[in-house]
>>> print(open('my_file-v1.cif').read())   # mmCIF, C-alpha atoms
data_protein
loop_
_atom_site.label_atom_id
_atom_site.label_comp_id
_atom_site.auth_asym_id
_atom_site.auth_seq_id
_atom_site.Cartn_x
_atom_site.Cartn_y
_atom_site.Cartn_z
CA MET A 154 0.00 0.00 0.00
CA VAL A 155 1.39 3.36 -0.99
CA GLU A 156 -0.99 6.20 -0.35
CA GLY A 157 -1.00 6.17 3.43
CA GLY A 158 2.72 5.87 3.85
CA THR A 159 4.40 7.87 1.10
CA SER A 160 4.21 11.24 -0.57
CA LEU A 161 1.20 13.04 -1.99
CA GLU A 162 3.06 13.03 -5.29
CA ALA A 163 2.93 9.21 -5.38
CA SER A 164 -0.75 9.36 -4.43
CA SER A 165 -1.61 11.74 -7.28
CA ARG A 166 0.26 9.54 -9.78
CA GLN A 167 -2.01 6.64 -8.83
CA ALA A 168 -5.25 8.63 -9.17
CA ALA A 169 -7.69 7.67 -11.91
CA PRO A 170 -9.15 10.33 -14.23
CA GLY A 171 -12.54 11.89 -13.55
CA GLU A 172 -15.27 9.89 -11.90
CA LEU A 173 -13.29 6.64 -12.08
CA GLU A 174 -11.25 7.91 -9.12
CA VAL A 175 -14.15 7.22 -6.75
CA VAL A 176 -14.11 3.56 -7.85
CA ARG A 177 -10.37 3.39 -7.19
CA GLN A 178 -10.93 4.87 -3.73
CA PHE A 179 -13.77 2.41 -3.12
CA LEU A 180 -11.47 -0.52 -3.95
CA ASN A 181 -8.92 0.87 -1.52
CA THR A 182 -11.35 1.00 1.40
CA ARG A 183 -9.82 -2.38 2.24
CA ASP A 184 -6.10 -2.16 2.92
CA VAL A 185 -4.81 -5.72 2.55
CA GLU A 186 -1.39 -4.90 3.98
CA GLU A 187 -2.68 -3.06 7.04
CA GLY A 188 -5.69 -5.35 7.55
CA THR A 189 -8.13 -2.43 7.78
CA ASP A 190 -11.54 -1.85 6.20
CA GLU A 191 -13.22 1.57 5.97
CA ILE A 192 -16.71 0.21 5.22
CA SER A 193 -16.93 -2.71 7.64
CA THR A 194 -19.98 -1.42 9.55
CA PRO A 195 -23.32 -0.04 8.33
CA GLU A 196 -22.54 3.46 9.65
CA ALA A 197 -19.03 3.46 8.19
CA LEU A 198 -20.43 2.43 4.79
CA ARG A 199 -23.11 5.11 4.79
CA THR A 200 -20.59 7.74 5.89
CA TRP A 201 -18.09 6.75 3.18
CA LEU A 202 -20.71 6.83 0.42
CA ALA A 203 -22.06 10.21 1.56
CA ALA A 204 -18.52 11.64 1.80
CA HIS A 205 -17.97 10.65 -1.84
CA ASP A 206 -21.17 12.33 -3.05
CA LEU A 207 -23.02 9.05 -3.52
CA ASP A 208 -26.53 9.90 -2.38
CA THR A 209 -27.87 7.63 0.35
CA ARG A 210 -31.08 9.73 0.63
CA GLY A 211 -31.17 9.52 4.39
CA THR A 212 -31.62 5.76 4.50
CA ARG A 213 -29.90 3.66 7.10
CA ALA A 214 -27.35 1.08 6.04
CA THR A 215 -27.75 -2.52 7.17
CA ARG A 216 -25.40 -5.49 7.56
CA LYS A 217 -26.80 -6.75 4.24
CA ASP A 218 -25.70 -3.49 2.59
CA VAL A 219 -22.21 -3.96 4.02
CA ARG A 220 -22.07 -7.52 2.65
CA SER A 221 -23.21 -6.30 -0.77
CA ALA A 222 -20.64 -3.49 -0.78
CA GLU A 223 -17.84 -5.83 0.25
CA LEU A 224 -18.84 -8.40 -2.37
CA MET A 225 -18.96 -5.70 -5.03
CA ARG A 226 -15.59 -4.31 -3.98
CA GLU A 227 -13.83 -7.69 -4.05
CA SER A 228 -15.47 -8.66 -7.35
CA LEU A 229 -14.27 -5.38 -8.88
CA ARG A 230 -10.84 -6.02 -7.40
CA ALA A 231 -10.80 -9.38 -9.21
CA MET A 232 -11.49 -7.50 -12.44
CA THR A 233 -8.67 -5.02 -11.78
CA LEU A 234 -6.34 -7.95 -11.09
CA ALA A 235 -7.41 -9.30 -14.50
CA ASN A 236 -6.53 -5.87 -15.95
CA ASN A 237 -3.06 -6.59 -14.53
CA GLY A 238 -2.64 -9.95 -16.25
CA GLU A 239 -4.21 -12.30 -13.68
CA ARG A 240 -6.85 -14.85 -14.68
CA LEU A 241 -10.36 -13.41 -14.46
CA ASP A 242 -12.37 -15.06 -11.70
CA ALA A 243 -15.66 -16.28 -13.20
CA ARG A 244 -17.31 -16.10 -9.76
CA ALA A 245 -16.61 -12.37 -9.60
CA ILE A 246 -18.49 -11.82 -12.86
CA LYS A 247 -21.43 -13.89 -11.64
CA ASP A 248 -21.54 -11.88 -8.41
CA LEU A 249 -21.36 -8.53 -10.22
CA ASN A 250 -24.19 -9.52 -12.56
CA ALA A 251 -26.34 -10.49 -9.58
CA LEU A 252 -25.55 -7.23 -7.80
CA ALA A 253 -26.31 -5.13 -10.90
CA GLU A 254 -29.70 -6.84 -11.15
CA GLU A 255 -30.35 -6.34 -7.45
CA MET A 256 -29.48 -2.64 -7.75
CA HIS A 257 -31.86 -2.20 -10.72
CA LEU A 258 -29.45 -0.62 -13.18
CA VAL A 259 -31.40 0.65 -16.17
CA VAL A 260 -30.70 2.53 -19.41
CA ARG A 261 -32.29 5.99 -19.54
CA PHE A 262 -32.52 8.28 -22.58
CA ASP A 263 -32.41 12.07 -22.34
CA GLY A 264 -33.93 14.82 -24.51
CA ARG A 265 -30.90 14.83 -26.80
CA GLY A 266 -31.28 11.14 -27.58
CA ALA A 267 -28.23 10.15 -25.53
CA SER A 268 -28.36 7.18 -23.20
CA GLU A 269 -27.04 6.66 -19.70
CA LEU A 270 -26.86 3.70 -17.34
CA GLU A 271 -28.33 4.63 -13.97
CA PRO A 272 -29.56 2.88 -10.82
CA ALA A 273 -33.34 2.90 -10.54
CA GLY A 274 -33.32 1.92 -6.87
CA ARG A 275 -33.03 4.17 -3.85
CA GLY A 276 -30.78 4.64 -0.88
CA LEU A 277 -27.77 2.39 -0.50
CA ASP A 278 -28.66 0.31 -3.57
CA ALA A 279 -28.68 3.49 -5.67
CA ALA A 280 -25.35 4.65 -4.23
CA LEU A 281 -23.65 1.30 -4.90
CA GLY A 282 -25.36 1.06 -8.29
CA ALA A 283 -23.92 4.46 -9.18
CA LEU A 284 -20.43 3.00 -8.67
CA LEU A 285 -21.21 0.15 -11.07
CA ALA A 286 -22.49 2.70 -13.59
CA VAL A 287 -19.12 4.50 -13.35
CA VAL A 288 -17.38 1.20 -14.14
CA PHE A 289 -19.64 0.75 -17.18
CA ARG A 290 -18.83 4.24 -18.47
CA ALA A 291 -15.11 3.69 -17.89
CA MET A 292 -15.27 0.49 -19.93
CA GLU A 293 -17.02 2.40 -22.70
CA SER A 294 -14.42 5.20 -22.68
CA GLY A 295 -11.42 2.85 -22.49
CA THR A 296 -10.10 4.03 -19.12
CA TRP A 297 -11.20 0.96 -17.15
CA GLN A 298 -8.42 -1.25 -18.53
CA ARG A 299 -5.83 1.01 -16.91
CA LEU A 300 -7.34 0.62 -13.43
CA LYS A 301 -5.34 -2.23 -11.91
CA ALA A 302 -4.81 -3.95 -8.60
CA CYS A 303 -1.19 -4.40 -7.55
CA ARG A 304 0.01 -7.94 -8.28
CA GLU A 305 1.80 -8.14 -4.93
CA ASP A 306 -0.39 -10.57 -2.93
CA THR A 307 0.14 -8.72 0.32
CA CYS A 308 -0.91 -5.40 -1.28
CA GLN A 309 -3.51 -5.51 -4.09
CA TRP A 310 -3.80 -1.71 -3.88
CA ALA A 311 -5.78 -0.21 -6.77
CA PHE A 312 -3.86 2.21 -8.96
CA TYR A 313 -4.28 3.84 -12.35
CA ASP A 314 -1.61 2.75 -14.82
CA ARG A 315 -0.39 5.87 -16.61
CA SER A 316 2.48 4.15 -18.45
CA LYS A 317 2.44 4.64 -22.22
CA ASN A 318 2.21 0.94 -23.00
CA ARG A 319 -0.02 0.00 -20.03
CA SER A 320 2.78 -2.11 -18.56
CA GLY A 321 2.45 -0.98 -14.92
CA THR A 322 2.39 -3.98 -12.60
CA TRP A 323 2.84 -2.68 -9.06
CA CYS A 324 1.29 0.25 -7.23
CA SER A 325 4.84 1.32 -6.37
CA MET A 326 8.04 0.11 -7.98
CA ALA A 327 9.96 1.32 -4.92
CA VAL A 328 7.89 -0.82 -2.54
CA CYS A 329 6.00 -3.71 -4.12
CA GLY A 330 8.16 -3.92 -7.23
CA ASN A 331 11.32 -4.26 -5.17
CA ARG A 332 9.69 -6.89 -2.95
CA ALA A 333 8.79 -8.99 -5.99
CA LYS A 334 12.27 -8.59 -7.49
CA ALA A 335 13.91 -9.59 -4.20
CA ARG A 336 11.74 -12.72 -3.97
CA ALA A 337 12.54 -13.66 -7.57
CA TYR A 338 16.24 -13.13 -6.90
CA ARG A 339 16.16 -15.32 -3.79
CA GLY A 340 14.27 -17.99 -5.74
CA ARG A 341 16.87 -17.99 -8.51
CA ARG A 342 19.74 -18.16 -6.02
CA SER A 343 18.27 -21.05 -4.07
CA GLY A 344 17.52 -22.90 -7.31
CA SER A 345 21.02 -22.40 -8.64
CA GLN A 346 22.77 -23.53 -5.50
CA LYS A 347 23.62 -27.20 -5.91
CA PRO A 348 24.14 -29.38 -2.88
CA ALA A 349 27.80 -29.87 -2.07
CA SER A 350 29.16 -33.18 -3.32
CA LYS A 351 30.08 -35.71 -0.68
CA GLY A 352 33.67 -36.85 -0.42
CA VAL A 353 34.45 -40.47 -1.28
#
>>> encode(input="my_file-v1.cif", output="C-alpha cells")
Amino acid sequence: MVEGGTSLEASSRQAAPGELEVVRQFLNTRDVEEGTDEISTPEALRTWLAAHDLDTRGTRATRKDVRSAELMRESLRAMTLANNGERLDARAIKDLNALAEEMHLVVRFDGRGASELEPAGRGLDAALGALLAVVFRAMESGTWQRLKACREDTCQWAFYDRSKNRSGTWCSMAVCGNRAKARAYRGRRSGSQKPASKGV
C-alpha cells in the first residue's frame, strides 16, 4: 500500500481520471497490507458513500448493505487484477451480474437522444449502483483497462496505470516492485545452489 505511507506526489500519480477515481478509492477502502476496512460497519459504509457524493437519501445502512458493498468491492478487485494480467475469476463476474440486477441498473434516454446507465433503486442500492455505472462508463471510454490492482499478494492496492504501453504492474516500484524482485532473486539463487558433493 502506498498512499497512506508515502508522498502526496505518489498518491496523485495513482489517481484515476474523472469519476473513475471514486471507484479506485472504493477498492482501496480495504487495505490488505494493514488489515483495515473503511466500510466494515453499516454506519461506516453510509458515511463513506455520503462523503464521496453518492446519495444515500437519508436511508440507514444494514449489515446486508455492508455484505453487498464488500462483495462488489472484491469482485471489482478481481477484475482489476485481471486488468493486470491475472486470470479473471468467473465467480466475480457472476456476483457482479447479480448485484447489478439487485441494484436495478437501467438505461435511460435524455432529450438529446443520448443514453445513460443509472440505478433505478433508492438509498444504498442506488449509491452502490452508481459505482457500477461508473465502471460501465469507464469500460465504454477505455479508461477501465488502466485501473489495476497491484500484483503483490500482500498489497492488491488499486492504482491507475499511466504508463504509455499499459505495462504498470505494481502500485509502487519502490515498494511492491522491489519486494517482488527480491523474492525472484532469492528464488533464482536457491535454485542455482547445488548441494555440495560428498567426499568419497
>>> closest_residue(input="my_file-v1.cif", among="A:Met256, A:Ala283, A:Leu229, A:Leu270", to="His205 (chain A)", atoms="all atoms listed in the file")
A:Ala283
>>> resolve_selection(input="my_file-v1.cif", expression="the PyMOL selection byres ((chain A and resi 234-249) around 12)", output="PyMOL selection string")
chain A and resi 180+220-233+250-256+258+281-282+284-286+288-289+292+295-306+308-314+319-324
>>> closest_residue(input="my_file-v1.cif", among="A:Val219, A:Cys329, A:Val260, A:Ala214", to="Gly276 (chain A)", atoms="all atoms listed in the file")
A:Ala214
>>> closest_residue(input="my_file-v1.cif", among="A:Val259, A:Ala197, A:Val287, A:Gly266", to="Glu174 (chain A)", atoms="all atoms listed in the file")
A:Val287
>>> atom_distance(input="my_file-v1.cif", atom1="CA of Arg216 (chain A)", atom2="CA of Glu196 (chain A)")
9.6 Å
>>> resolve_selection(input="my_file-v1.cif", expression="the PyMOL selection byres ((chain A and resi 202) around 12)", output="ChimeraX atom specification")
/A:175-176,178-179,182,191-192,195-201,203-214,218-219,222,276-284
>>> atom_distance(input="my_file-v1.cif", atom1="CA of Ala169 (chain A)", atom2="CA of Arg315 (chain A)")
8.9 Å
>>> atom_distance(input="my_file-v1.cif", atom1="CA of Asn181 (chain A)", atom2="CA of Ala291 (chain A)")
17.7 Å
